[in-house]
Each structure stands twice: as structure tokens, then as C-alpha cells.
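K.L.:
I have a structure here, written as C-alpha cells, and I will follow up with some questions on it.
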Amino acid sequence: QVQLVESGGGLVQAGGSLRLSCAASGFVFRVYTMGWYRQATGKQRELVASITSDGSTNYADSVKGRFTISRDNAKSTGYLQMNSLKPEDTAVYSCNLVLGIRNYWGKGTLVTVSS
């Protein structure tokens, strides 16, 4: 069955770094576009970064220069390297894999950035 499992969240001080991972199984990971989304308390979910099957990336303006999205197709795993974290980055981060009408979500991992 399809499964996406995020890991790597936690509590970090402002200016610190975290690396999130999204381990996928049950489908052909390499052909999907992967995205990392986040939702802070009381706010709408927003796209943080995405990477296509051919490696093209896109970032929200708020994270450009600080976050890096990547993927290891051999491991069916995607990553989000987050540097220079700010308190406003605090949110639940979820990975998403999409291909046409196929759309899969993980349960999310909480990132808390203290000031």
C-alpha cells in the first residue's frame, strides 16, 4: 500500500537547522513531483518547496536561500534541508507526491523554532 512517512522534525533554536525526510513506498517514487507543505496553527497550508521528477525545483519566497529540497530516487526518499530557521517557520510539515490524479500525503512532522 502507498505510504509516506516524514521524519526529522523537532525543536530548534532560531538560526538552527533541521533536515526533514519523506520515505515513500508502494508506488514508483521517481516519476512523481514531490512537494513539502507546511501549516502553522490558525493558518492555511502553504507550499514550501517542490521538486519535479527531472529535478527542477521551486521555492516559496519566504524560504528561498534558506531551504533546499532534494530527492534520492534510489531510496524513494525526499528531503528538505532547512537552515537559518526562524520562529515563523514553526509549523507541521508534510510531504506530498503527485502524478496526474494520483495525490499522496504524509501525516506530517512538527517543526518548532524557538526565539
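Every chain in the C-alpha cells takes a letter, A first, then B, and so on in the order presented; its residues are numbered from 1, and the ligands are numbered from 1 following the presented order.
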From a DSSP calculation on the backbone, collect every residue of chain A in helix (DSSP H, G or I) and output the set as a ChimeraX atom specification.
P.N.:
/A:29-31,73-75,87-89
K.L.:
Give me the residues near A:Ser115 as a list in words, where near means some atom within 7 Å (using only C-alpha atoms) and where sequence neighbours in that chain fewer than 3 positions away do not count.
P.N.:
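Residues meeting the cut-off are Gln13, Ala14 and Pro87 of chain A.
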K.L.:
Just the selected residues (N, CA and C atoms), exported as an mmCIF file, in the first residue's frame, please.
P.N.:
```cif
data_model
loop_
_atom_site.group_PDB
_atom_site.id
_atom_site.type_symbol
_atom_site.label_atom_id
_atom_site.label_comp_id
_atom_site.auth_asym_id
_atom_site.auth_seq_id
_atom_site.Cartn_x
_atom_site.Cartn_y
_atom_site.Cartn_z
ATOM 1 N N GLN A 13 16.433 26.044 18.016
ATOM 2 C CA GLN A 13 16.512 27.485 18.261
ATOM 3 C C GLN A 13 16.593 28.243 16.943
ATOM 4 N N ALA A 14 16.170 29.469 16.984
ATOM 5 C CA ALA A 14 16.269 30.320 15.803
ATOM 6 C C ALA A 14 17.718 30.367 15.314
ATOM 7 N N PRO A 87 11.445 31.707 13.908
ATOM 8 C CA PRO A 87 10.225 31.309 14.638
ATOM 9 C C PRO A 87 9.009 31.186 13.720
#
```
K.L.:
Grab the atom CA of A:Arg19 to atom CA of A:Gly100 distance for me, in Å with one decimal place.
P.N.:
27.8 Å
K.L.:
So that I can see what lies close to stretch 57-68 of chain A, please list as a VMD selection string the residues with an atom at most 10 Å from it, counting only C-alpha atoms and leaving out residues fewer than 3 positions away in the same chain.
P.N.:
chain A and resid 17 to 19 33 to 36 46 to 54 79 to 86 88 to 89
K.L.:
With distances taken over only C-alpha atoms, which of A:Val31, A:Ala40, A:Val98, A:Leu110 is nearest to A:Ser7?
P.N.:
A:Leu110
K.L.:
Could you tell me which of A:Thr90, A:Gln39, A:Asn73, A:Asn96 comes closest to A:Val2 if we count only C-alpha atoms?
P.N.:
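Of the candidates, the smallest distance to A:Val2 is held by A:Asn96.
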K.L.:
What is the distance between atom CA of A:Ala91 and atom CA of A:Leu4, in Å to one decimal?
P.N.:
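Atom CA of A:Leu4 lies at a distance of 18.2 Å from atom CA of A:Ala91.
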K.L.:
Find the residue from A:Val92, A:Gly106, A:Thr77, A:Arg71 that sits nearest to A:Thr41; use only C-alpha atoms when measuring.
P.N.:
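With only C-alpha atoms as the atom set, the closest residue is A:Val92.
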K.L.:
Of the residues A:Gly55, A:Tyr104, A:Leu99, A:Gly8, which is the one nearest to A:Gly26, using only C-alpha atoms?
P.N.:
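Answer, going by the shortest atom-to-atom distance: A:Tyr104.
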K.L.:
Assign secondary structure with DSSP using the backbone only, and return the residues of chain A in strand (DSSP E) as a PyMOL selection string.
P.N.:
chain A and resi 3-7+10-13+18-25+33-39+46-51+57-59+67-72+77-82+91-99+102-105+109-114
